[in-house]
>>> print(open('structure_2.tsv').read())   # TSV, C-alpha atoms
chain	number	residue	atom	x	y	z
A	1	MET	CA	0.00	0.00	0.00
A	2	ALA	CA	2.71	2.43	1.01
A	3	GLU	CA	4.64	1.41	-2.06
A	4	ARG	CA	1.72	2.18	-4.29
A	5	ALA	CA	1.30	5.55	-2.62
A	6	THR	CA	4.96	6.33	-3.30
A	7	ALA	CA	4.60	5.31	-6.92
A	8	ALA	CA	1.55	7.53	-7.25
A	9	GLY	CA	3.47	10.34	-5.57
A	10	ARG	CA	6.34	9.92	-8.02
A	11	ALA	CA	4.19	9.93	-11.10
A	12	GLY	CA	1.90	12.50	-9.50
A	13	LEU	CA	4.11	15.52	-10.12
A	14	ARG	CA	4.13	15.01	-13.86
A	15	THR	CA	0.62	13.85	-14.70
A	16	GLY	CA	-2.56	15.89	-15.03
A	17	PRO	CA	-1.82	19.58	-14.54
A	18	GLY	CA	1.77	18.53	-13.91
A	19	ARG	CA	2.06	17.45	-17.54
A	20	LEU	CA	1.19	20.97	-18.67
A	21	LEU	CA	3.66	22.46	-16.19
A	22	VAL	CA	6.47	20.13	-17.28
A	23	THR	CA	5.87	21.03	-20.93
A	24	VAL	CA	5.80	24.77	-20.33
A	25	TYR	CA	8.84	24.63	-18.02
A	26	GLY	CA	10.61	22.53	-20.64
A	27	VAL	CA	9.88	25.14	-23.28
A	28	PHE	CA	11.13	27.90	-20.99
A	29	THR	CA	14.28	25.94	-20.20
A	30	VAL	CA	15.09	25.61	-23.89
A	31	ALA	CA	14.16	29.23	-24.58
A	32	ALA	CA	16.16	30.71	-21.71
A	33	ALA	CA	19.14	28.40	-22.25
A	34	SER	CA	19.46	29.07	-25.97
A	35	ARG	CA	18.88	32.75	-25.47
A	36	SER	CA	21.56	33.05	-22.81
A	37	ALA	CA	23.98	30.80	-24.73
A	38	TYR	CA	23.66	33.12	-27.71
A	39	GLN	CA	23.91	36.29	-25.64
A	40	LEU	CA	26.81	35.15	-23.48
A	41	SER	CA	28.83	33.90	-26.44
A	42	ALA	CA	28.12	36.68	-28.91
A	43	ARG	CA	27.47	39.84	-26.94
A	44	PHE	CA	28.50	39.40	-23.32
A	45	ASP	CA	30.10	42.87	-23.01
A	46	GLU	CA	26.93	44.73	-23.91
A	47	ALA	CA	24.91	43.80	-20.85
A	48	PRO	CA	26.68	41.29	-18.58
A	49	VAL	CA	24.17	41.60	-15.73
A	50	ALA	CA	21.19	40.97	-18.00
A	51	TYR	CA	22.82	38.02	-19.74
A	52	LEU	CA	24.02	36.37	-16.53
A	53	LEU	CA	20.50	36.68	-15.16
A	54	SER	CA	19.17	34.98	-18.29
A	55	ALA	CA	21.60	32.12	-17.65
A	56	LEU	CA	20.51	31.90	-14.00
A	57	ALA	CA	16.87	31.78	-15.10
A	58	ALA	CA	17.71	28.94	-17.47
A	59	VAL	CA	19.31	26.95	-14.62
A	60	VAL	CA	16.28	27.49	-12.37
A	61	TYR	CA	13.89	26.42	-15.13
A	62	ALA	CA	15.97	23.33	-15.86
A	63	LEU	CA	16.01	22.31	-12.16
A	64	ILE	CA	12.24	22.66	-11.90
A	65	THR	CA	11.65	20.69	-15.10
A	66	VAL	CA	13.87	17.81	-14.00
A	67	SER	CA	12.38	17.77	-10.49
A	68	LEU	CA	8.83	17.62	-11.81
A	69	VAL	CA	9.72	14.75	-14.14
A	70	ARG	CA	11.60	12.78	-11.46
A	71	GLY	CA	8.98	13.19	-8.79
A	72	GLY	CA	9.22	12.12	-5.15
A	73	GLU	CA	9.26	14.20	-2.01
A	74	ARG	CA	12.83	15.49	-2.28
A	75	ALA	CA	12.30	16.56	-5.89
A	76	ARG	CA	9.04	18.18	-4.86
A	77	ARG	CA	10.82	20.22	-2.19
A	78	LEU	CA	13.58	21.21	-4.59
A	79	ALA	CA	11.02	22.27	-7.19
A	80	PHE	CA	9.13	24.19	-4.51
A	81	GLY	CA	12.27	26.09	-3.54
A	82	CYS	CA	13.11	26.80	-7.19
A	83	CYS	CA	9.62	28.07	-7.91
A	84	ALA	CA	9.86	30.37	-4.90
A	85	ALA	CA	13.28	31.58	-6.11
A	86	GLU	CA	11.85	32.08	-9.58
A	87	LEU	CA	8.95	34.12	-8.21
A	88	ALA	CA	11.35	36.23	-6.14
A	89	GLY	CA	13.61	36.61	-9.17
A	90	VAL	CA	10.89	37.80	-11.49
A	91	LEU	CA	9.56	40.24	-8.87
A	92	VAL	CA	13.00	41.67	-8.02
A	93	VAL	CA	14.27	41.85	-11.61
A	94	GLY	CA	10.90	43.11	-12.86
A	95	THR	CA	10.92	45.95	-10.34
A	96	TRP	CA	14.63	46.59	-10.91
A	97	THR	CA	14.17	46.96	-14.67
A	98	LEU	CA	11.29	49.37	-14.15
A	99	LEU	CA	13.20	51.55	-11.68
A	100	ASP	CA	16.64	51.57	-13.29
A	101	SER	CA	17.07	50.27	-16.80
A	102	SER	CA	20.74	51.30	-17.13
A	103	GLU	CA	21.98	47.86	-16.07
A	104	PHE	CA	19.64	46.35	-18.63
A	105	PRO	CA	20.29	47.81	-22.08
A	106	ASP	CA	18.98	44.48	-23.28
A	107	THR	CA	16.03	42.59	-21.84
A	108	THR	CA	15.99	39.32	-19.92
A	109	VAL	CA	13.27	36.75	-19.48
A	110	TRP	CA	12.34	38.47	-16.23
A	111	SER	CA	12.40	42.11	-17.42
A	112	GLY	CA	9.20	44.04	-16.76
A	113	TYR	CA	7.78	40.98	-14.96
A	114	GLY	CA	8.20	38.96	-18.15
A	115	TYR	CA	5.95	41.07	-20.37
A	116	GLY	CA	7.92	39.91	-23.43
A	117	TYR	CA	6.82	36.37	-22.63
A	118	LEU	CA	3.11	37.05	-22.10
A	119	PHE	CA	3.79	37.45	-18.33
A	120	LEU	CA	4.27	33.69	-18.17
A	121	PRO	CA	7.47	34.07	-16.09
A	122	LEU	CA	5.27	35.65	-13.41
A	123	LEU	CA	2.35	33.23	-13.69
A	124	LEU	CA	4.41	30.04	-13.96
A	125	PRO	CA	5.97	30.03	-10.48
A	126	VAL	CA	2.58	30.77	-8.90
A	127	ALA	CA	1.00	27.88	-10.79
A	128	GLY	CA	4.00	25.71	-9.88
A	129	LEU	CA	3.78	26.53	-6.16
A	130	LEU	CA	0.03	25.82	-6.08
A	131	TRP	CA	0.50	22.52	-7.91
A	132	LEU	CA	3.38	21.40	-5.71
A	133	ARG	CA	1.46	22.25	-2.56
A	134	ARG	CA	-1.53	20.29	-3.77
A	135	ALA	CA	0.69	17.36	-4.72
A	136	ARG	CA	1.98	17.19	-1.14
A	137	ALA	CA	-1.53	17.35	0.26
A	138	ALA	CA	-2.51	14.46	-2.04
A	139	ALA	CA	0.55	12.41	-1.02
B	1	MET	CA	7.02	36.35	-48.61
B	2	ILE	CA	8.02	36.03	-44.99
B	3	ALA	CA	5.44	38.47	-43.64
B	4	PRO	CA	2.18	37.01	-45.06
B	5	LEU	CA	3.25	33.48	-44.18
B	6	THR	CA	4.11	34.60	-40.64
B	7	VAL	CA	0.66	36.12	-40.23
B	8	ALA	CA	-1.01	32.98	-41.63
B	9	VAL	CA	0.91	30.69	-39.27
B	10	ALA	CA	0.18	32.95	-36.29
B	11	VAL	CA	-3.56	33.08	-37.04
B	12	ALA	CA	-3.76	29.31	-37.58
B	13	ALA	CA	-1.87	28.70	-34.34
B	14	LEU	CA	-4.18	31.02	-32.41
B	15	LEU	CA	-7.22	29.21	-33.80
B	16	LEU	CA	-5.68	25.93	-32.66
B	17	THR	CA	-5.05	27.47	-29.23
B	18	ALA	CA	-8.69	28.48	-28.95
B	19	TRP	CA	-9.95	25.11	-30.18
B	20	CYS	CA	-7.85	23.01	-27.82
B	21	GLY	CA	-8.33	25.49	-25.01
B	22	TYR	CA	-12.08	25.06	-25.47
B	23	ALA	CA	-11.66	21.27	-25.31
B	24	ALA	CA	-9.70	21.65	-22.05
B	25	PHE	CA	-12.39	23.99	-20.72
B	26	ARG	CA	-15.03	21.37	-21.50
B	27	ASN	CA	-12.95	18.72	-19.74
B	28	GLN	CA	-12.21	16.82	-22.96
B	29	ALA	CA	-9.04	15.15	-24.19
B	30	VAL	CA	-7.71	15.94	-27.65
B	31	LYS	CA	-9.47	13.96	-30.38
B	32	ASP	CA	-8.56	12.92	-33.91
B	33	TRP	CA	-9.91	16.19	-35.31
B	34	HIS	CA	-7.55	18.14	-33.09
B	35	TYR	CA	-4.62	16.07	-34.33
B	36	LEU	CA	-5.73	16.85	-37.89
B	37	GLY	CA	-5.72	20.54	-36.97
B	38	MET	CA	-2.24	20.18	-35.47
B	39	GLY	CA	-1.15	18.49	-38.71
B	40	ILE	CA	-2.39	21.40	-40.81
B	41	VAL	CA	-0.67	24.01	-38.65
B	42	LEU	CA	2.47	21.85	-38.62
B	43	LEU	CA	2.45	21.79	-42.44
B	44	LEU	CA	2.21	25.59	-42.43
B	45	THR	CA	5.22	25.83	-40.12
B	46	LEU	CA	7.19	23.42	-42.31
B	47	ALA	CA	6.28	25.53	-45.34
B	48	GLN	CA	7.52	28.57	-43.43
B	49	LEU	CA	10.78	26.81	-42.61
B	50	THR	CA	11.25	25.82	-46.25
B	51	VAL	CA	10.48	29.29	-47.56
B	52	GLY	CA	12.83	30.80	-45.00
B	53	LEU	CA	15.68	28.48	-46.00
B	54	VAL	CA	15.03	29.11	-49.71
B	55	GLN	CA	15.14	32.85	-49.11
B	56	LEU	CA	18.46	32.47	-47.30
B	57	ALA	CA	19.83	30.23	-50.06
B	58	ARG	CA	18.90	32.86	-52.62
B	59	GLY	CA	21.00	35.35	-50.74
B	60	GLU	CA	18.29	37.28	-48.96
B	61	ARG	CA	19.28	37.83	-45.36
B	62	PRO	CA	17.47	39.13	-42.31
B	63	ALA	CA	18.43	42.73	-41.62
B	64	GLY	CA	21.38	42.85	-39.24
B	65	ASP	CA	23.37	39.68	-38.49
B	66	GLY	CA	20.44	37.58	-37.39
B	67	THR	CA	20.72	34.65	-39.79
B	68	ALA	CA	21.54	32.00	-37.18
B	69	VAL	CA	18.92	33.38	-34.79
B	70	PHE	CA	16.36	33.45	-37.60
B	71	VAL	CA	16.96	29.81	-38.54
B	72	SER	CA	16.84	28.65	-34.91
B	73	TYR	CA	13.51	30.40	-34.44
B	74	LEU	CA	12.10	28.73	-37.55
B	75	VAL	CA	13.27	25.33	-36.30
B	76	ALA	CA	11.82	25.99	-32.83
B	77	VAL	CA	8.50	26.93	-34.45
B	78	ALA	CA	8.40	23.67	-36.41
B	79	LEU	CA	9.18	21.64	-33.26
B	80	CYS	CA	6.39	23.11	-31.10
B	81	LEU	CA	3.48	21.00	-32.32
B	82	PRO	CA	5.24	17.61	-32.62
B	83	VAL	CA	6.37	17.98	-28.99
B	84	VAL	CA	2.96	18.87	-27.56
B	85	ALA	CA	1.26	16.26	-29.77
B	86	ILE	CA	3.45	13.54	-28.24
B	87	VAL	CA	2.81	14.88	-24.73
B	88	SER	CA	-0.94	14.92	-25.33
B	89	LEU	CA	-0.86	11.28	-26.48
B	90	GLY	CA	0.37	10.36	-23.00
B	91	GLU	CA	-2.16	12.54	-21.22
B	92	ARG	CA	-5.65	11.65	-22.34
B	93	THR	CA	-7.35	14.22	-20.14
B	94	ARG	CA	-8.22	17.89	-20.33
B	95	TRP	CA	-4.63	18.64	-19.38
B	96	GLY	CA	-3.44	17.13	-22.65
B	97	SER	CA	-5.70	19.58	-24.47
B	98	ALA	CA	-4.38	22.42	-22.32
B	99	THR	CA	-0.82	21.41	-23.20
B	100	VAL	CA	-1.56	21.52	-26.93
B	101	ALA	CA	-3.23	24.91	-26.48
B	102	ALA	CA	-0.13	26.16	-24.66
B	103	GLY	CA	2.18	24.83	-27.37
B	104	ALA	CA	0.14	26.50	-30.11
B	105	LEU	CA	0.18	29.75	-28.13
B	106	VAL	CA	3.96	29.58	-27.84
B	107	LEU	CA	4.08	28.96	-31.60
B	108	ALA	CA	2.00	32.08	-32.25
B	109	ALA	CA	4.18	34.12	-29.90
B	110	LEU	CA	7.31	32.89	-31.69
B	111	GLN	CA	5.92	34.29	-34.96
B	112	ILE	CA	6.31	37.79	-33.52
B	113	ARG	CA	9.97	37.04	-32.90
B	114	VAL	CA	10.43	35.54	-36.39
B	115	ALA	CA	9.05	38.70	-37.97
B	116	ASP	CA	11.15	40.80	-35.57
B	117	VAL	CA	14.39	39.02	-36.39
B	118	TRP	CA	13.71	39.13	-40.12
B	119	ALA	CA	13.25	42.89	-39.80
B	120	GLY	CA	16.57	43.18	-37.97
B	121	GLY	CA	15.47	43.35	-34.34
B	122	VAL	CA	17.85	40.72	-33.04
B	123	GLY	CA	17.79	42.51	-29.68
B	124	GLY	CA	15.98	39.93	-27.57
B	125	GLY	CA	18.08	37.08	-28.91
>>> encode(input="structure_2.tsv", output="structure tokens")
Amino acid sequence: MAERATAAGRAGLRTGPGRLLVTVYGVFTVAAASRSAYQLSARFDEAPVAYLLSALAAVVYALITVSLVRGGERARRLAFGCCAAELAGVLVVGTWTLLDSSEFPDTTVWSGYGYGYLFLPLLLPVAGLLWLRRARAAA
Amino acid sequence: MIAPLTVAVAVAALLLTAWCGYAAFRNQAVKDWHYLGMGIVLLLTLAQLTVGLVQLARGERPAGDGTAVFVSYLVAVALCLPVVAIVSLGERTRWGSATVAAGALVLAALQIRVADVWAGGVGGG
């Protein structure tokens, strides 16, 4: 019985709404990673802060994607922490870019609360946190 | 040639978003008709990729030095629907439909970037 519950808990993070989250986080991982790879290799000097933040965002997205796919309680906690960090990141960077754009001659995924990405960078971590909390309640 | 095709792909992708979003709203999994719709939009994106490559081969370039970025966007566009179609096969619930809707929405959003890059706005990368 306990074993079955664990199995359900493992699969639970990536089925149902989790499947949608994994897909969208996967897309964002690819988007942020390729964007930052291009920016860091071709134009690092223009806006180092912005481009390093893009790279950091890519790492956070990748961690969340992998955690959701792997499942289990430890992965759930890691994903929860990453979603919280992502939410903090998008709020801080979003506010920062609005107040002082001099460090950001070029935009990042999190600029202006992610308006260039349909505000998904702001909505995603909220959806992720809600889903991960519900997954724990279910387990 | 790039601009009208970009608009056509974007509109088709938005229609697909609405259609699959409606299925998710009604608590339905994606059905054969939806896959047919995905196939049609996928063909449009492949046509766009082909036209883009032909343009490049004929020596027309995006304004600025955005050739590599332009091609990677076109490839990303063509990959969107196959990926979400496979995901939706494994998720025969409303969330599969929602995933396809999200993929089509991403596809439509990418069209803005394709047009941008072709016009020389490599800025966002």
>>> atom_distance(input="structure_2.tsv", atom1="CA of Ala109 (chain B)", atom2="CA of Val92 (chain A)")
24.8 Å
>>> residues_near_point(input="structure_2.tsv", point="(-6.2, 9.7, -32.0)", cutoff="12 Å", atoms="only C-alpha atoms", output="list in words")
Ala29, Val30, Lys31, Asp32, Trp33, His34, Tyr35, Leu36, Gly37, Met38, Ala85, Ile86, Ser88, Leu89, Gly90, Glu91 and Arg92 of chain B
>>> interface_residues(input="structure_2.tsv", of="chain B", to="chain A", cutoff="10 Å", atoms="all atoms listed in the file", output="PyMOL selection string")
chain B and resi 68-69+72-73+76+80+83-84+87-88+90-103+105-106+109-110+123-125
>>> residues_around(input="structure_2.tsv", residues="region 97-100 of chain A", least_positions_apart="4", cutoff="8 Å", atoms="all atoms listed in the file", output="VMD selection string")
chain A and resid 93 104 111 to 112
>>> atom_distance(input="structure_2.tsv", atom1="CA of Arg77 (chain A)", atom2="CA of Ser54 (chain A)")
23.4 Å
>>> atom_distance(input="structure_2.tsv", atom1="CA of Pro121 (chain A)", atom2="CA of Leu15 (chain B)")
23.5 Å
>>> closest_residue(input="structure_2.tsv", among="B:Val114, B:Asp65, B:Gln28, B:Thr6", to="Ala47 (chain B)", atoms="only C-alpha atoms")
B:Thr6
>>> residues_near_point(input="structure_2.tsv", point="(11.8, 28.5, -36.9)", cutoff="10 Å", atoms="all atoms listed in the file", output="JSON, numbers by chain")
{"B": [45, 46, 48, 49, 50, 52, 53, 69, 70, 71, 72, 73, 74, 75, 76, 77, 78, 79, 80, 107, 110, 111, 113, 114]}
>>> residues_around(input="structure_2.tsv", residues="Ala75 (chain A)", least_positions_apart="5", cutoff="10 Å", atoms="all atoms listed in the file", output="VMD selection string")
chain A and resid 10 13 63 to 64 66 to 70 80 to 81
>>> axis_aligned_box(input="structure_2.tsv", around="region 110-117 of chain B", padding_each_side="4 Å", output="JSON")
{"center_x": 10.2, "center_y": 36.8, "center_z": -34.8, "size_x": 16.5, "size_y": 15.9, "size_z": 14.3}
>>> closest_residue(input="structure_2.tsv", among="B:Val51, B:Ala10, B:Ile2, B:Ala23", to="Ile112 (chain B)", atoms="only C-alpha atoms")
B:Ala10
>>> closest_residue(input="structure_2.tsv", among="B:Leu81, B:Ala104, B:Val54, B:Ala119", to="Leu42 (chain B)", atoms="all atoms listed in the file")
B:Leu81
